[in-house]
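Report on the structure given below.
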Amino acid sequence: MDLVLLRLSALGDILRVMPAWANLREAFPDARFRAVVEDRHAFLLEPLPWLEPVIVRRRRLSNPLSALPELKRVAGLIRDAEASLDFHGILKAALIPKLAAIPERWGDGVTKEFAGSLQTRPLPFRHQTRYGQALGLSRAFGLDRGVPGLGRFRPVLKDVALPDPGDLWQKGAKPRAVLVPGASRRGAIKRWPLRHWIALAAMLKDRWDLRWSLGPEEEDLRDWLPETTGVAALPRLGFWQLAAALRQADRVVAPDTGLLHLAVVLGVPALGLYGSSDPVVAGLPEGAGVVLRTGIGCSPCRERACQRRQCLEELAPDQVRAALTGY
């Protein structure tokens, strides 16, 4: 069997489909699996060596003059596949197996830009988490082949080999927690207020061994946040070293961003601080973590330029502390 799995981007979304991909691999160990992803996220496939990356060049895909030739180029690389499973549901992703003339083109039920019209086996839409959406597609494909049970969630990166991040934690019996105050520039609206993070660190640091996780977008915080709070920051680490550091923690506290979902697939209990994010679609698998939110009337929403950010401003540090210690 020769299967093509499509999820072009983004970081958190690719992490969320990994449990479904791993279930397919377990069910069909002799199959060939190719994963179509953008070049900027191809590194995410490294811990899963059974996945053959098929790289889409994002710069060419983003240019109207070169997008179609790029899609045709990628289609030519997968033309011999038996079936494709589209975990993205946008036109660009759906066009690739269509141009490749793959006979079975499955879709997970969430489609935009009429992508579903290019699929031969689209699933019906369901309002569910992106984890459940992906697992539903693997389950349906498995049942079609007479293999049940492919809809279960499991933390697929819990036991994979990862590079050693070094000695990062204190020796002792305190539980360990990583605090993630940042988000991508595009997802800046998801950030919990920094003053709340500082207050939370003050509440927790006597009972917890805490570490800040600061990415490139929070580089300026390295100059003062650890000194101000008395909580050390994790050093600058490569992505998979950072994953290994998270895997050593007992909890990860983060907004709805890539590191939250990295914690989920690593098997680290996660506490998600949600404001505008949909707690269903952007939610977590049962047993993998807890979503904490105010649930005010205007959330969830898709407004990226909100000036009030009341949904996060009113999520108080003592609520987060109580949720973390009671989890």
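Convention: chains lettered A, B, ... in structure tokens order; per-chain residue numbering from 1; ligands numbered from 1 as shown.
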
Checklist entry - Near Gly107 of chain A, within 8 Å and counting only C-alpha atoms, which residues show up once chain neighbours fewer than 6 positions away are dropped, as a VMD selection string? => result chain A and resid 85 to 87 89 116 119 121 to 123 137

Restricted to N, CA and C atoms, what would the selected residues look like written as an mmCIF file, in the first residue's frame?
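Contents of selection_1.cif, as written:
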data_model
loop_
_atom_site.group_PDB
_atom_site.id
_atom_site.type_symbol
_atom_site.label_atom_id
_atom_site.label_comp_id
_atom_site.auth_asym_id
_atom_site.auth_seq_id
_atom_site.Cartn_x
_atom_site.Cartn_y
_atom_site.Cartn_z
ATOM 1 N N LEU A 85 -4.729 11.012 1.957
ATOM 2 C CA LEU A 85 -5.541 11.421 3.088
ATOM 3 C C LEU A 85 -5.216 12.878 3.379
ATOM 4 N N ASP A 86 -6.185 13.755 3.122
ATOM 5 C CA ASP A 86 -5.986 15.192 3.256
ATOM 6 C C ASP A 86 -6.403 15.620 4.659
ATOM 7 N N PHE A 87 -5.415 15.982 5.478
ATOM 8 C CA PHE A 87 -5.663 16.439 6.840
ATOM 9 C C PHE A 87 -5.658 17.967 6.928
ATOM 10 N N GLY A 89 -7.459 20.310 4.191
ATOM 11 C CA GLY A 89 -8.772 20.758 3.776
ATOM 12 C C GLY A 89 -8.830 22.117 3.122
ATOM 13 N N GLY A 116 -13.341 20.137 -0.843
ATOM 14 C CA GLY A 116 -14.036 18.865 -0.780
ATOM 15 C C GLY A 116 -14.501 18.358 -2.124
ATOM 16 N N GLN A 119 -12.146 15.831 -3.645
ATOM 17 C CA GLN A 119 -11.913 14.581 -2.928
ATOM 18 C C GLN A 119 -12.954 13.533 -3.353
ATOM 19 N N ARG A 121 -13.490 10.745 -1.417
ATOM 20 C CA ARG A 121 -14.018 10.139 -0.192
ATOM 21 C C ARG A 121 -14.024 11.168 0.940
ATOM 22 N N PRO A 122 -14.764 12.255 0.803
ATOM 23 C CA PRO A 122 -14.810 13.243 1.889
ATOM 24 C C PRO A 122 -15.685 12.757 3.038
ATOM 25 N N LEU A 123 -15.248 12.988 4.263
ATOM 26 C CA LEU A 123 -16.050 12.655 5.427
ATOM 27 C C LEU A 123 -17.032 13.782 5.718
ATOM 28 N N LEU A 137 -10.434 10.695 10.507
ATOM 29 C CA LEU A 137 -10.061 10.301 9.142
ATOM 30 C C LEU A 137 -9.281 8.988 9.158
#

Next on the checklist: Which residues are near segment 32-36 of chain A? Cut-off 9 Å, only C-alpha atoms, ignore same chain within fewer than 2 positions. Put them as a PyMOL selection string.
Outcome noted: chain A and resi 1-8+25+28-30+38+42+45+50-56+74+78+81+93

Written selection (C-alpha atoms) as a PDB file, in the first residue's frame:
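And here's result.pdb as it stands now:
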ATOM      1  CA  MET A   1       0.000   0.000   0.000  1.00  0.00           C
ATOM      2  CA  ASP A   2       1.255   3.467  -0.915  1.00  0.00           C
ATOM      3  CA  LEU A   3      -0.336   6.297   1.077  1.00  0.00           C
ATOM      4  CA  VAL A   4       0.112  10.061   0.877  1.00  0.00           C
ATOM      5  CA  LEU A   5      -0.676  12.167   3.953  1.00  0.00           C
ATOM      6  CA  LEU A   6      -1.207  15.898   3.459  1.00  0.00           C
ATOM      7  CA  ARG A   7      -0.861  18.653   6.055  1.00  0.00           C
ATOM      8  CA  LEU A   8       1.108  21.554   4.613  1.00  0.00           C
ATOM      9  CA  ARG A  25       1.520   3.290  10.498  1.00  0.00           C
ATOM     10  CA  PHE A  28      -0.352  -0.861   8.035  1.00  0.00           C
ATOM     11  CA  PRO A  29       3.316  -1.445   8.934  1.00  0.00           C
ATOM     12  CA  ASP A  30       4.258  -2.568   5.438  1.00  0.00           C
ATOM     13  CA  GLU A  38       5.905  22.847   3.556  1.00  0.00           C
ATOM     14  CA  ALA A  42       9.710  19.432   7.307  1.00  0.00           C
ATOM     15  CA  LEU A  45       8.954  14.664  10.589  1.00  0.00           C
ATOM     16  CA  TRP A  50       9.000   5.900   8.459  1.00  0.00           C
ATOM     17  CA  LEU A  51       7.480   9.080   6.971  1.00  0.00           C
ATOM     18  CA  GLU A  52       9.017  10.114   3.667  1.00  0.00           C
ATOM     19  CA  PRO A  53       8.835  13.909   3.369  1.00  0.00           C
ATOM     20  CA  VAL A  54       7.508  15.421   0.157  1.00  0.00           C
ATOM     21  CA  ILE A  55       8.466  19.070   0.346  1.00  0.00           C
ATOM     22  CA  VAL A  56       6.346  21.973  -0.877  1.00  0.00           C
ATOM     23  CA  VAL A  74       4.770  18.060  -6.053  1.00  0.00           C
ATOM     24  CA  ILE A  78       3.335  11.214  -5.649  1.00  0.00           C
ATOM     25  CA  ALA A  81       0.234   6.515  -4.780  1.00  0.00           C
ATOM     26  CA  ALA A  93      -3.663  20.729  -0.428  1.00  0.00           C
TER      27      ALA A  93
END

Item to check | Residues near Leu221 of chain A, cut-off 12 Å, only C-alpha atoms, skip fewer than 3 positions along chain, as a ChimeraX atom specification | outcome: /A:180-182,194,198,212-218,224-229,232-233

With C-alpha atoms retained, could you export that selection as a PDB file, in the first residue's frame?
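Wrote it out as again-v7.pdb, contents follow:
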ATOM      1  CA  VAL A 180       5.387  29.497  28.015  1.00  0.00           C
ATOM      2  CA  PRO A 181       4.458  33.203  27.898  1.00  0.00           C
ATOM      3  CA  GLY A 182       4.883  33.662  24.169  1.00  0.00           C
ATOM      4  CA  LEU A 194       2.866  39.262  30.949  1.00  0.00           C
ATOM      5  CA  ILE A 198       4.926  37.289  36.596  1.00  0.00           C
ATOM      6  CA  TRP A 212      10.502  29.956  31.370  1.00  0.00           C
ATOM      7  CA  SER A 213      10.437  28.832  27.737  1.00  0.00           C
ATOM      8  CA  LEU A 214      11.311  31.876  25.633  1.00  0.00           C
ATOM      9  CA  GLY A 215      11.379  31.645  21.859  1.00  0.00           C
ATOM     10  CA  PRO A 216      12.727  34.053  19.242  1.00  0.00           C
ATOM     11  CA  GLU A 217       9.695  36.327  19.641  1.00  0.00           C
ATOM     12  CA  GLU A 218      10.469  36.709  23.366  1.00  0.00           C
ATOM     13  CA  TRP A 224      15.104  40.880  32.537  1.00  0.00           C
ATOM     14  CA  LEU A 225      12.322  38.321  33.114  1.00  0.00           C
ATOM     15  CA  PRO A 226      14.424  35.620  34.865  1.00  0.00           C
ATOM     16  CA  GLU A 227      16.070  38.189  37.137  1.00  0.00           C
ATOM     17  CA  THR A 228      12.776  39.917  37.933  1.00  0.00           C
ATOM     18  CA  THR A 229      10.935  36.702  38.768  1.00  0.00           C
ATOM     19  CA  ALA A 232      15.436  30.711  35.223  1.00  0.00           C
ATOM     20  CA  ALA A 233      14.797  30.474  31.492  1.00  0.00           C
TER      21      ALA A 233
END

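For Gly283 of chain A, the residues within 9 Å (counting only C-alpha atoms, excluding itself and residues fewer than 5 positions away along the chain) are Gln128, Thr129, Arg130, Tyr131, Asp256, Gly272, Ser277, Asp278, Val290 and Val291 of chain A.
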
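Between atom CA of Trp208 of chain A and atom CA of Thr257 of chain A the separation is 22.9 Å.
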
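Straight-line separation from atom CA of Asp206 of chain A to atom CA of Pro175 of chain A: 10.7 Å.
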
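Coordinates place atom CA of Ala177 of chain A at a distance of 7.3 Å from atom CA of Val253 of chain A.
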
Checklist outcome for this item: Closest of A:Ser138, A:Gln248, A:Ser84, A:Ser276 to Cys311 of chain A, counting only C-alpha atoms, is A:Ser276

Item to check | Shell around Gln133 of chain A at 8 Å using only C-alpha atoms, local window under 6 positions removed, as JSON, numbers by chain | outcome: {"A": [108, 109, 126]}

Next on the checklist: So that I can check the secondary structure, give me every residue of segment 81-209 of chain A assigned alpha helix (DSSP H) by backbone DSSP, as an MDAnalysis selection string.
Outcome noted: chainID A and resid 91:99 130:144 194:204

Expected file contents, prior selection, N, CA and C atoms, as a short mmCIF file (atom, residue, chain, number, x, y, z; two decimals), in the first residue's frame:
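Saved the output as part.cif:
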data_model
loop_
_atom_site.label_atom_id
_atom_site.label_comp_id
_atom_site.auth_asym_id
_atom_site.auth_seq_id
_atom_site.Cartn_x
_atom_site.Cartn_y
_atom_site.Cartn_z
N LEU A 91 -7.76 24.38 -0.60
CA LEU A 91 -7.68 24.09 -2.03
C LEU A 91 -6.29 23.65 -2.45
N LYS A 92 -5.25 24.31 -1.96
CA LYS A 92 -3.89 23.98 -2.38
C LYS A 92 -3.53 22.54 -2.01
N ALA A 93 -3.95 22.11 -0.83
CA ALA A 93 -3.66 20.73 -0.43
C ALA A 93 -4.47 19.74 -1.26
N ALA A 94 -5.74 20.04 -1.50
CA ALA A 94 -6.59 19.12 -2.25
C ALA A 94 -6.18 19.01 -3.71
N LEU A 95 -5.60 20.07 -4.26
CA LEU A 95 -5.20 20.05 -5.67
C LEU A 95 -4.06 19.07 -5.93
N ILE A 96 -3.19 18.88 -4.95
CA ILE A 96 -2.00 18.06 -5.19
C ILE A 96 -2.38 16.62 -5.54
N PRO A 97 -3.16 15.90 -4.74
CA PRO A 97 -3.54 14.53 -5.16
C PRO A 97 -4.46 14.50 -6.38
N LYS A 98 -5.25 15.56 -6.58
CA LYS A 98 -6.09 15.62 -7.79
C LYS A 98 -5.21 15.71 -9.04
N LEU A 99 -4.21 16.59 -9.00
CA LEU A 99 -3.29 16.71 -10.14
C LEU A 99 -2.47 15.44 -10.34
N ARG A 130 -9.27 19.42 16.55
CA ARG A 130 -8.45 19.06 15.38
C ARG A 130 -7.82 17.69 15.58
N TYR A 131 -7.55 17.31 16.81
CA TYR A 131 -7.07 15.95 17.07
C TYR A 131 -8.14 14.94 16.65
N GLY A 132 -9.38 15.18 17.11
CA GLY A 132 -10.47 14.28 16.77
C GLY A 132 -10.76 14.25 15.29
N GLN A 133 -10.61 15.40 14.65
CA GLN A 133 -10.83 15.50 13.21
C GLN A 133 -9.85 14.60 12.46
N ALA A 134 -8.57 14.67 12.84
CA ALA A 134 -7.55 13.86 12.18
C ALA A 134 -7.74 12.38 12.51
N LEU A 135 -8.02 12.08 13.76
CA LEU A 135 -8.21 10.69 14.16
C LEU A 135 -9.45 10.08 13.52
N GLY A 136 -10.46 10.93 13.27
CA GLY A 136 -11.64 10.44 12.58
C GLY A 136 -11.34 9.99 11.17
N LEU A 137 -10.43 10.69 10.51
CA LEU A 137 -10.06 10.30 9.14
C LEU A 137 -9.28 8.99 9.16
N SER A 138 -8.33 8.86 10.08
CA SER A 138 -7.59 7.59 10.15
C SER A 138 -8.51 6.44 10.51
N ARG A 139 -9.48 6.70 11.39
CA ARG A 139 -10.44 5.65 11.77
C ARG A 139 -11.27 5.22 10.56
N ALA A 140 -11.79 6.20 9.79
CA ALA A 140 -12.62 5.86 8.64
C ALA A 140 -11.83 5.09 7.59
N PHE A 141 -10.59 5.50 7.35
CA PHE A 141 -9.78 4.79 6.37
C PHE A 141 -9.51 3.37 6.85
N GLY A 142 -9.21 3.21 8.15
CA GLY A 142 -8.96 1.88 8.67
C GLY A 142 -10.17 0.97 8.55
N LEU A 143 -11.34 1.50 8.89
CA LEU A 143 -12.56 0.69 8.79
C LEU A 143 -12.83 0.28 7.35
N ASP A 144 -12.52 1.17 6.41
CA ASP A 144 -12.70 0.84 5.01
C ASP A 144 -11.82 -0.33 4.59
N LEU A 194 1.58 39.58 30.31
CA LEU A 194 2.87 39.26 30.95
C LEU A 194 2.81 39.51 32.46
N ARG A 195 2.08 40.52 32.89
CA ARG A 195 2.00 40.77 34.33
C ARG A 195 1.33 39.59 35.05
N HIS A 196 0.42 38.90 34.36
CA HIS A 196 -0.20 37.71 34.95
C HIS A 196 0.82 36.58 35.08
N TRP A 197 1.66 36.44 34.07
CA TRP A 197 2.71 35.41 34.15
C TRP A 197 3.64 35.69 35.32
N ILE A 198 4.02 36.94 35.50
CA ILE A 198 4.93 37.29 36.60
C ILE A 198 4.27 37.00 37.94
N ALA A 199 3.01 37.34 38.07
CA ALA A 199 2.28 37.05 39.31
C ALA A 199 2.17 35.55 39.54
N LEU A 200 1.90 34.79 38.49
CA LEU A 200 1.79 33.34 38.63
C LEU A 200 3.12 32.74 39.08
N ALA A 201 4.22 33.18 38.49
CA ALA A 201 5.53 32.67 38.88
C ALA A 201 5.80 32.92 40.36
N ALA A 202 5.42 34.10 40.85
CA ALA A 202 5.61 34.42 42.26
C ALA A 202 4.81 33.49 43.16
N MET A 203 3.61 33.11 42.71
CA MET A 203 2.75 32.22 43.50
C MET A 203 3.29 30.79 43.55
N LEU A 204 3.99 30.38 42.50
CA LEU A 204 4.35 28.97 42.34
C LEU A 204 5.78 28.62 42.72
#

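Taking segment 143-290 of chain A and asking which residues DSSP calls strand (DSSP E or B) on the backbone, you get Arg176, Ala177, Val178, Leu179, Asp209, Leu210, Arg211, Trp212, Ala233, Arg251, Val252, Val253, Ala254, Pro255, Ala270, Leu271, Gly272, Leu273, Gly289 and Val290 of chain A.
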
Write out as a short mmCIF file (atom, residue, chain, number, x, y, z; two decimals) with N, CA and C atoms, in the first residue's frame each polymer residue whose atoms come within 9 Å of Leu259 of chain A, counting only C-alpha atoms; drop sequence neighbours fewer than 3 positions from it.
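Okay, this is what ended up in selection_18.cif:
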data_model
loop_
_atom_site.label_atom_id
_atom_site.label_comp_id
_atom_site.auth_asym_id
_atom_site.auth_seq_id
_atom_site.Cartn_x
_atom_site.Cartn_y
_atom_site.Cartn_z
N GLY A 12 1.75 23.77 14.93
CA GLY A 12 0.82 23.13 15.86
C GLY A 12 -0.13 22.18 15.17
N VAL A 180 5.17 29.04 29.40
CA VAL A 180 5.39 29.50 28.02
C VAL A 180 4.59 30.79 27.81
N ALA A 183 3.89 33.48 22.03
CA ALA A 183 3.17 32.89 20.90
C ALA A 183 3.80 33.49 19.65
N ALA A 243 11.98 20.01 22.94
CA ALA A 243 10.98 18.97 23.18
C ALA A 243 11.45 18.01 24.28
N LEU A 246 10.94 19.74 27.59
CA LEU A 246 9.53 19.71 27.99
C LEU A 246 9.14 18.33 28.51
N VAL A 252 3.17 21.60 31.60
CA VAL A 252 3.48 22.73 30.70
C VAL A 252 2.27 23.65 30.72
N ALA A 254 0.74 27.00 28.90
CA ALA A 254 0.96 27.74 27.67
C ALA A 254 -0.36 28.20 27.08
N PRO A 255 -0.32 29.25 26.26
CA PRO A 255 -1.51 29.60 25.47
C PRO A 255 -1.70 28.58 24.36
N ASP A 256 -2.73 28.81 23.55
CA ASP A 256 -3.01 27.92 22.42
C ASP A 256 -1.98 28.17 21.33
N LEU A 262 2.82 20.55 21.34
CA LEU A 262 4.00 19.72 21.44
C LEU A 262 3.98 18.95 22.76
N ALA A 263 3.62 19.63 23.86
CA ALA A 263 3.51 18.95 25.16
C ALA A 263 2.52 17.81 25.09
N VAL A 264 1.40 18.02 24.41
CA VAL A 264 0.36 16.99 24.32
C VAL A 264 0.90 15.73 23.64
#

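Minimum atom-to-atom distances from A:Ala115, A:Leu271, A:Cys298, A:Ala10 to Thr325 of chain A were compared using only C-alpha atoms, and the lowest value belongs to A:Leu271.
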
Next on the checklist: My list of candidates is A:Arg308, A:Arg293, A:Arg236, A:His261. Which is closest to Val156 of chain A when distances are computed with only C-alpha atoms?
Outcome noted: A:His261

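Here the question is which of A:Ser9, A:Ser117, A:Gln241, A:Ser299 gets nearest to Leu168 of chain A using only C-alpha atoms, and that residue is A:Gln241.
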